[in-house]
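File shown: coords.txt. Contents: compact mmCIF, C-alpha atoms.
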```
# COMPACT_ATOMS: atom_id res chain seq x y z
CA MET A 3 0.00 0.00 0.00
CA ARG A 4 1.28 3.45 -0.94
CA VAL A 5 0.20 6.46 1.10
CA ALA A 6 -0.12 10.12 0.06
CA LEU A 7 -1.19 12.75 2.58
CA ASP A 8 -1.62 16.50 2.52
CA SER A 9 -3.29 18.83 5.00
CA LEU A 10 -3.74 22.61 5.15
CA PRO A 11 -5.05 24.82 7.96
CA GLY A 12 -7.96 27.07 7.12
CA GLU A 13 -5.76 30.14 7.50
CA PRO A 14 -1.94 30.36 7.30
CA GLY A 15 -0.37 30.36 10.74
CA ARG A 16 -3.53 29.03 12.38
CA GLU A 17 -3.55 25.69 14.18
CA ASN A 18 -4.83 22.86 12.00
CA GLU A 19 -7.58 20.94 13.81
CA ASP A 20 -7.59 18.05 11.31
CA PHE A 21 -5.53 14.94 12.04
CA ALA A 22 -4.65 12.05 9.75
CA ALA A 23 -2.24 9.13 10.06
CA ALA A 24 -1.62 5.71 8.54
CA ALA A 25 -0.12 2.40 9.61
CA PRO A 26 0.76 -0.47 7.20
CA ARG A 27 -2.83 -1.75 7.05
CA ALA A 28 -4.89 0.95 8.73
CA ALA A 29 -5.58 4.69 8.65
CA VAL A 30 -7.58 7.35 10.47
CA LEU A 31 -8.73 10.89 9.75
CA LEU A 32 -10.36 13.25 12.25
CA ASP A 33 -11.73 16.75 11.77
CA GLY A 34 -11.80 18.52 15.12
CA ALA A 35 -14.44 21.09 16.03
CA GLY A 36 -15.42 23.42 18.81
CA VAL A 37 -17.83 26.35 18.79
CA ALA A 38 -16.30 29.28 16.92
CA GLY A 39 -15.36 32.17 19.17
CA ALA A 40 -16.28 30.29 22.34
CA GLU A 41 -14.19 28.88 25.14
CA THR A 42 -14.02 25.09 24.89
CA GLY A 43 -13.81 24.29 28.58
CA CYS A 44 -10.69 22.30 27.66
CA ALA A 45 -7.24 23.57 28.58
CA HIS A 46 -5.73 21.60 25.70
CA GLY A 47 -7.91 22.69 22.78
CA VAL A 48 -9.50 21.18 19.70
CA ALA A 49 -6.29 20.28 17.82
CA TRP A 50 -5.00 18.40 20.86
CA PHE A 51 -8.27 16.50 21.13
CA SER A 52 -8.39 15.37 17.49
CA ALA A 53 -4.68 14.45 17.40
CA THR A 54 -4.79 12.59 20.72
CA LEU A 55 -7.97 10.70 19.84
CA GLY A 56 -6.64 9.92 16.37
CA GLY A 57 -3.34 8.59 17.63
CA LEU A 58 -4.98 6.41 20.26
CA LEU A 59 -7.56 5.12 17.77
CA LEU A 60 -4.92 4.13 15.21
CA SER A 61 -2.93 2.39 17.92
CA THR A 62 -6.02 0.51 19.12
CA ILE A 63 -7.22 -0.70 15.72
CA THR A 64 -3.76 -2.01 14.83
CA ALA A 65 -3.05 -3.57 18.24
CA HIS A 66 -6.43 -5.35 18.31
CA PRO A 67 -7.11 -6.45 14.72
CA THR A 68 -10.22 -8.50 15.58
CA ARG A 69 -11.87 -5.90 17.80
CA PRO A 70 -14.76 -4.10 16.00
CA LEU A 71 -13.89 -0.57 14.90
CA ALA A 72 -16.79 0.91 16.87
CA GLN A 73 -15.49 -0.74 20.03
CA CYS A 74 -12.00 0.57 19.27
CA LEU A 75 -13.44 4.08 18.97
CA THR A 76 -15.33 3.66 22.24
CA ASP A 77 -12.09 2.62 23.95
CA ALA A 78 -10.15 5.53 22.43
CA ILE A 79 -12.76 8.12 23.44
CA ARG A 80 -12.78 6.72 26.95
CA ALA A 81 -8.97 6.86 27.09
CA VAL A 82 -8.88 10.51 25.94
CA ARG A 83 -11.54 11.39 28.46
CA SER A 84 -9.42 9.91 31.24
CA LEU A 85 -6.49 12.08 30.16
CA HIS A 86 -8.23 15.39 30.81
CA GLU A 87 -11.47 14.94 32.74
CA ASP A 88 -9.70 15.98 35.96
CA THR A 89 -8.44 19.24 34.44
CA CYS A 90 -11.10 20.21 31.89
CA ASP A 91 -14.86 20.80 31.94
CA LEU A 92 -16.15 18.06 29.66
CA THR A 93 -19.78 19.01 30.29
CA PHE A 94 -19.22 22.42 28.70
CA ARG A 95 -21.33 22.89 25.55
CA ALA A 96 -18.26 23.77 23.45
CA SER A 97 -16.10 20.90 24.66
CA PRO A 98 -13.95 19.68 21.72
CA THR A 99 -15.43 17.15 19.32
CA SER A 100 -14.29 15.48 16.13
CA THR A 101 -15.52 13.59 13.12
CA VAL A 102 -13.86 10.19 12.68
CA ILE A 103 -12.98 7.95 9.75
CA ALA A 104 -11.13 4.71 10.45
CA VAL A 105 -10.21 1.93 8.02
CA ARG A 106 -8.49 -1.40 8.59
CA MET A 107 -7.46 -4.04 6.04
CA ASP A 108 -7.39 -7.68 7.01
CA ALA A 109 -8.45 -11.10 5.68
CA GLY A 110 -9.18 -9.75 2.24
CA ALA A 111 -11.58 -7.05 3.43
CA LEU A 112 -11.56 -3.34 4.12
CA GLU A 113 -13.40 -2.53 7.35
CA TYR A 114 -14.52 1.07 7.78
CA LEU A 115 -16.12 3.39 10.31
CA VAL A 116 -17.46 6.88 9.59
CA LEU A 117 -18.81 9.26 12.24
CA GLY A 118 -19.58 12.88 11.36
CA ASP A 119 -19.41 14.66 8.01
CA SER A 120 -15.99 13.58 6.76
CA SER A 121 -16.06 11.32 3.67
CA LEU A 122 -14.61 7.95 2.72
CA LEU A 123 -14.07 7.57 -1.03
CA LEU A 124 -13.74 4.00 -2.30
CA ALA A 125 -12.42 3.51 -5.84
CA GLU A 126 -14.01 0.43 -7.37
CA ARG A 127 -12.07 -1.62 -9.93
CA ASP A 128 -15.25 -1.96 -11.97
CA GLY A 129 -17.64 0.94 -11.87
CA ALA A 130 -17.99 4.38 -10.33
CA PRO A 131 -16.44 5.22 -6.97
CA SER A 132 -18.63 4.92 -3.89
CA VAL A 133 -18.71 7.39 -1.02
CA VAL A 134 -19.58 6.90 2.64
CA THR A 135 -20.51 10.09 4.50
CA ASP A 136 -22.49 10.55 7.69
CA ARG A 137 -25.04 13.21 6.68
CA ARG A 138 -26.96 13.43 9.96
CA MET A 139 -25.26 16.68 10.99
CA ASP A 140 -25.91 18.16 7.53
CA ASP A 141 -29.58 17.17 7.75
CA VAL A 142 -29.92 18.90 11.10
CA GLY A 143 -27.97 21.91 9.86
CA LYS A 144 -30.24 22.44 6.87
CA ARG A 145 -33.14 22.98 9.24
CA LEU A 146 -31.26 25.65 11.20
CA ARG A 147 -28.87 27.58 8.99
CA GLY A 148 -31.18 29.58 6.71
CA PRO A 149 -30.44 32.93 8.45
CA VAL A 150 -26.69 32.28 8.12
CA ASP A 151 -26.56 31.58 4.40
CA VAL A 152 -28.16 34.87 3.32
CA LEU A 153 -25.34 36.93 4.87
CA PRO A 154 -21.80 37.58 3.51
CA THR A 155 -19.24 35.22 5.05
CA GLY A 156 -17.05 37.03 7.55
CA SER A 157 -19.38 40.00 8.10
CA PRO A 158 -20.35 40.91 11.69
CA GLU A 159 -23.94 39.94 10.94
CA HIS A 160 -22.83 36.60 9.54
CA SER A 161 -20.65 35.94 12.59
CA ALA A 162 -23.55 36.66 14.95
CA ALA A 163 -25.96 34.44 12.99
CA LEU A 164 -23.34 31.71 12.79
CA ALA A 165 -22.84 31.80 16.56
CA GLU A 166 -26.58 31.39 17.11
CA TYR A 167 -26.69 28.54 14.58
CA ARG A 168 -23.82 26.69 16.23
CA THR A 169 -25.39 27.10 19.64
CA ALA A 170 -28.60 25.53 18.33
CA LEU A 171 -26.64 22.78 16.60
CA THR A 172 -24.75 21.97 19.78
CA GLU A 173 -28.03 21.35 21.60
CA LEU A 174 -28.68 18.46 19.18
CA ARG A 175 -25.19 16.93 19.42
CA ASN A 176 -25.14 13.28 20.49
CA GLN A 177 -28.90 13.29 20.98
CA PRO A 178 -31.62 11.09 19.43
CA GLY A 179 -33.06 12.97 16.47
CA GLY A 180 -29.86 15.01 16.19
CA PHE A 181 -26.40 13.87 15.13
CA TRP A 182 -23.49 11.93 16.60
CA ILE A 183 -19.84 12.91 16.82
CA ALA A 184 -16.80 11.92 18.88
CA GLY A 185 -16.45 13.99 22.03
CA PRO A 186 -16.52 13.31 25.77
CA GLU A 187 -19.26 10.66 25.45
CA PRO A 188 -17.96 7.16 24.48
CA ARG A 189 -21.41 5.90 23.48
CA ALA A 190 -21.33 8.13 20.39
CA ALA A 191 -19.18 5.42 18.77
CA GLU A 192 -22.17 3.06 18.83
CA HIS A 193 -23.90 5.33 16.29
CA ALA A 194 -21.09 5.38 13.71
CA LEU A 195 -21.66 4.07 10.20
CA THR A 196 -19.71 0.83 9.74
CA GLY A 197 -19.25 -1.67 6.95
CA ALA A 198 -16.81 -3.69 4.87
CA ALA A 199 -15.79 -4.11 1.24
CA PRO A 200 -13.70 -6.80 -0.49
CA LEU A 201 -10.15 -5.55 -0.98
CA GLU A 202 -9.94 -7.20 -4.38
CA SER A 203 -12.73 -4.89 -5.60
CA LEU A 204 -10.83 -1.68 -4.72
CA THR A 205 -7.96 0.24 -6.29
CA SER A 206 -7.72 3.00 -3.68
CA VAL A 207 -9.22 4.28 -0.45
CA THR A 208 -9.30 7.99 0.39
CA LEU A 209 -10.15 9.67 3.69
CA LEU A 210 -11.29 13.30 3.31
CA SER A 211 -12.25 16.02 5.78
CA ASP A 212 -15.15 18.21 4.71
CA GLY A 213 -12.73 21.02 3.91
CA ALA A 214 -11.26 18.79 1.19
CA THR A 215 -14.61 17.73 -0.31
CA ARG A 216 -15.91 21.23 -0.99
CA LEU A 217 -15.42 20.96 -4.76
CA VAL A 218 -18.07 18.23 -4.75
CA ASP A 219 -20.50 18.78 -1.90
CA ARG A 220 -20.31 22.55 -1.35
CA PHE A 221 -19.31 24.10 -4.67
CA GLN A 222 -20.64 21.34 -6.94
CA LEU A 223 -17.80 21.97 -9.39
CA ALA A 224 -16.57 18.36 -9.54
CA THR A 225 -17.91 14.84 -9.27
CA TRP A 226 -16.50 12.14 -7.04
CA GLN A 227 -15.03 10.50 -10.14
CA GLU A 228 -13.26 13.74 -11.09
CA THR A 229 -11.99 14.07 -7.53
CA LEU A 230 -10.62 10.55 -7.73
CA ASP A 231 -8.99 11.31 -11.08
CA VAL A 232 -7.15 14.29 -9.53
CA LEU A 233 -5.99 12.19 -6.59
CA THR A 234 -4.78 9.39 -8.85
CA ALA A 235 -2.96 11.64 -11.31
CA SER A 236 -1.59 14.37 -9.05
CA GLY A 237 -2.20 13.45 -5.41
CA PRO A 238 -3.82 15.22 -2.45
CA ARG A 239 -1.83 18.44 -2.82
CA GLU A 240 -3.39 19.24 -6.18
CA LEU A 241 -6.89 18.54 -4.85
CA LEU A 242 -6.37 20.94 -1.94
CA ARG A 243 -4.87 23.56 -4.27
CA ARG A 244 -8.03 23.49 -6.38
CA VAL A 245 -10.22 23.86 -3.30
CA ARG A 246 -8.24 26.90 -2.15
CA GLU A 247 -8.42 28.43 -5.63
CA VAL A 248 -12.22 28.31 -5.64
CA GLU A 249 -12.47 29.58 -2.06
CA ALA A 250 -10.28 32.56 -2.97
CA ASP A 251 -12.65 33.40 -5.84
CA ASP A 252 -15.62 33.70 -3.44
CA PRO A 253 -14.19 34.96 -0.12
CA GLU A 254 -17.49 36.36 1.18
CA GLY A 255 -19.50 33.24 0.41
CA ARG A 256 -21.93 35.02 -1.89
CA ARG A 257 -21.93 32.30 -4.54
CA TRP A 258 -21.41 29.43 -2.11
CA PRO A 259 -22.75 30.27 1.38
CA ARG A 260 -20.65 28.61 4.07
CA GLY A 261 -19.68 28.97 7.69
CA LYS A 262 -15.97 29.52 6.99
CA SER A 263 -14.48 31.12 3.91
CA ARG A 264 -11.65 28.57 4.14
CA ASP A 265 -11.62 25.44 6.27
CA ASP A 266 -8.95 23.02 7.42
CA ALA A 267 -8.59 20.54 4.56
CA THR A 268 -7.03 17.06 4.65
CA ALA A 269 -6.82 14.20 2.17
CA LEU A 270 -5.25 10.82 2.94
CA HIS A 271 -5.02 8.68 -0.21
CA LEU A 272 -4.22 4.96 0.09
CA MET A 273 -3.27 3.26 -3.19
CA LEU A 274 -3.76 -0.49 -3.11
CA PRO A 275 -1.60 -2.97 -5.00
```
Could you write out this file's structure as structure tokens?
Amino acid sequence: MRVALDSLPGEPGRENEDFAAAAPRAAVLLDGAGVAGAETGCAHGVAWFSATLGGLLLSTITAHPTRPLAQCLTDAIRAVRSLHEDTCDLTFRASPTSTVIAVRMDAGALEYLVLGDSSLLLAERDGAPSVVTDRRMDDVGKRLRGPVDVLPTGSPEHSAALAEYRTALTELRNQPGGFWIAGPEPRAAEHALTGAAPLESLTSVTLLSDGATRLVDRFQLATWQETLDVLTASGPRELLRRVREVEADDPEGRRWPRGKSRDDATALHLMLP
């Protein structure tokens, strides 16, 4: 397996809250989140949370190859919680959270887990690529974000509306009828999307944060097949360059309304033999 990885922070010099890493037969990608402009209640911060959870999850899924991925995520969330529950307020509404993608290859199959709105792109040897994305947060967001999308991104009015939207969204986090994401609560792992695919049917596996999928799901300027073609021909760096190019052409979000003009963007591309 060959691995190609690139990751960019939303703004130069700003801490990147995405995390991605690979082992010989496994990989993880996490997209950390807090509530913009709010204290997190955590002395360590969002980037620490996503990197610590990601590192522990990768270690767990490789050390215990027969343990279900959801159980591995439960164990990793519990371990991270134990690292800072005595120093941080994990009941705080803006406590750090993260999307999670995990994949593991064994016995001729690719096992996967997806929690939150990051995307897993599977390149089929015969046929179009398939995508696994947890859309529950998007479905909730569509009901709430109307007042945000009519305002220019980055304006004071947009920032105020965005803060109200994120507060409302947080109330539905890890709740029935809402959405599920990795945070202080280990049981969120039980609600992850999981599955498997025969390795012989795949040519590549790509883990993408939502900042890297904007060409498809936000801007609608590319298909998943075109995204895969870019990754295969030029690698993750070219994909992220194209995302940044489009973002720069619409900095105020007038053509493509969005919470952030530019977001952390990460692509981890695994090429199978």
Excluding stretch 90-102 of chain A and any residue of its chain fewer than 2 positions from it, enumerate the residues within 6 Å of it, using all atoms listed in the file, and give them as a ChimeraX atom specification. /A:31-37,42-44,48,86-87,116-118,183-185
Kindly give the distance, in Å, that separates atom CA of A:Ser84 and atom CA of A:Gly57, rounded to a single decimal. 15.0 Å
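From atom CA of A:Gly110 back to atom CA of A:Ala72, the distance works out to 19.6 Å.
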Which one is closest to A:Asp252: A:Phe221, A:Gln177, A:Arg189, A:Asp151? Count all atoms listed in the file. A:Phe221
Quick one: of A:Thr234, A:Ser121, A:Thr215, A:Ser161, who's nearest to A:Leu195, counting all atoms listed in the file? A:Ser121
Proximity to A:Thr68 - best of A:Leu174, A:Met107, A:Ala194, A:Leu123, all atoms listed in the file: A:Met107
Among A:Asp251, A:Ile79, A:Leu204, A:His271, A:Ser236 is approached most closely, using all atoms listed in the file, by A:His271
Which residues are close to A:Thr62, i.e. within 8 Å by all atoms listed in the file, leaving aside same-chain residues fewer than 4 positions away? Reply as a ChimeraX atom specification. /A:58,66,74,78
Could you list, as a tab-separated table (two decimals) with C-alpha atoms, in the coordinates of the input, every residue within 10 Å of A:Ser203, counting all atoms listed in the file and ignoring same-chain residues fewer than 4 positions away?
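Result file result_32.tsv:
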```tsv
chain	number	residue	atom	x	y	z
A	110	GLY	CA	-9.18	-9.75	2.24
A	111	ALA	CA	-11.58	-7.05	3.43
A	112	LEU	CA	-11.56	-3.34	4.12
A	124	LEU	CA	-13.74	4.00	-2.30
A	125	ALA	CA	-12.42	3.51	-5.84
A	126	GLU	CA	-14.01	0.43	-7.37
A	127	ARG	CA	-12.07	-1.62	-9.93
A	128	ASP	CA	-15.25	-1.96	-11.97
A	129	GLY	CA	-17.64	0.94	-11.87
A	199	ALA	CA	-15.79	-4.11	1.24
```
What is the distance, in Å and to one decimal place, between atom CA of A:Ala6 and atom CA of A:Leu270?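 Spanning atom CA of A:Ala6 to atom CA of A:Leu270 is a straight-line distance of 5.9 Å.
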So which one's closest to A:Pro67, A:Ser120, A:Glu113, A:Ala165, A:Asp266? Using all atoms listed in the file, please.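 The shortest atom-to-atom distance to A:Pro67 comes from A:Glu113.
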Completion of stretch 132-146 of chain A up to N, CA, C and O atoms, as an mmCIF file, in the frame of the given file:
```cif
data_model
loop_
_atom_site.group_PDB
_atom_site.id
_atom_site.type_symbol
_atom_site.label_atom_id
_atom_site.label_comp_id
_atom_site.auth_asym_id
_atom_site.auth_seq_id
_atom_site.Cartn_x
_atom_site.Cartn_y
_atom_site.Cartn_z
ATOM 1 N N SER A 132 -17.560 4.791 -4.880
ATOM 2 C CA SER A 132 -18.630 4.920 -3.890
ATOM 3 C C SER A 132 -18.130 5.775 -2.735
ATOM 4 O O SER A 132 -16.933 5.829 -2.449
ATOM 5 N N VAL A 133 -19.058 6.455 -2.090
ATOM 6 C CA VAL A 133 -18.710 7.390 -1.020
ATOM 7 C C VAL A 133 -19.543 7.077 0.217
ATOM 8 O O VAL A 133 -20.750 6.838 0.121
ATOM 9 N N VAL A 134 -18.890 7.081 1.362
ATOM 10 C CA VAL A 134 -19.580 6.900 2.640
ATOM 11 C C VAL A 134 -19.410 8.186 3.434
ATOM 12 O O VAL A 134 -18.290 8.576 3.767
ATOM 13 N N THR A 135 -20.514 8.858 3.709
ATOM 14 C CA THR A 135 -20.510 10.090 4.500
ATOM 15 C C THR A 135 -21.683 10.050 5.472
ATOM 16 O O THR A 135 -22.791 9.671 5.094
ATOM 17 N N ASP A 136 -21.440 10.449 6.688
ATOM 18 C CA ASP A 136 -22.490 10.550 7.690
ATOM 19 C C ASP A 136 -23.153 11.914 7.541
ATOM 20 O O ASP A 136 -22.576 12.942 7.903
ATOM 21 N N ARG A 137 -24.376 11.949 7.002
ATOM 22 C CA ARG A 137 -25.040 13.210 6.680
ATOM 23 C C ARG A 137 -25.998 13.683 7.773
ATOM 24 O O ARG A 137 -26.746 14.646 7.566
ATOM 25 N N ARG A 138 -25.989 13.046 8.932
ATOM 26 C CA ARG A 138 -26.960 13.430 9.960
ATOM 27 C C ARG A 138 -26.754 14.862 10.432
ATOM 28 O O ARG A 138 -27.725 15.592 10.664
ATOM 29 N N MET A 139 -25.488 15.310 10.568
ATOM 30 C CA MET A 139 -25.260 16.680 10.990
ATOM 31 C C MET A 139 -25.704 17.658 9.904
ATOM 32 O O MET A 139 -26.274 18.713 10.193
ATOM 33 N N ASP A 140 -25.468 17.315 8.636
ATOM 34 C CA ASP A 140 -25.910 18.160 7.530
ATOM 35 C C ASP A 140 -27.429 18.275 7.519
ATOM 36 O O ASP A 140 -27.983 19.350 7.274
ATOM 37 N N ASP A 141 -28.111 17.162 7.759
ATOM 38 C CA ASP A 141 -29.580 17.170 7.750
ATOM 39 C C ASP A 141 -30.123 18.079 8.843
ATOM 40 O O ASP A 141 -31.081 18.834 8.624
ATOM 41 N N VAL A 142 -29.508 18.018 10.014
ATOM 42 C CA VAL A 142 -29.920 18.900 11.100
ATOM 43 C C VAL A 142 -29.602 20.348 10.752
ATOM 44 O O VAL A 142 -30.412 21.259 10.951
ATOM 45 N N GLY A 143 -28.405 20.561 10.188
ATOM 46 C CA GLY A 143 -27.970 21.910 9.860
ATOM 47 C C GLY A 143 -28.872 22.601 8.850
ATOM 48 O O GLY A 143 -29.116 23.815 8.941
ATOM 49 N N LYS A 144 -29.371 21.847 7.884
ATOM 50 C CA LYS A 144 -30.240 22.440 6.870
ATOM 51 C C LYS A 144 -31.502 23.043 7.476
ATOM 52 O O LYS A 144 -32.064 24.001 6.952
ATOM 53 N N ARG A 145 -31.941 22.469 8.587
ATOM 54 C CA ARG A 145 -33.140 22.980 9.240
ATOM 55 C C ARG A 145 -32.862 24.272 10.005
ATOM 56 O O ARG A 145 -33.792 25.005 10.346
ATOM 57 N N LEU A 146 -31.585 24.555 10.285
ATOM 58 C CA LEU A 146 -31.260 25.650 11.200
ATOM 59 C C LEU A 146 -30.516 26.818 10.573
ATOM 60 O O LEU A 146 -30.559 27.919 11.122
#
```
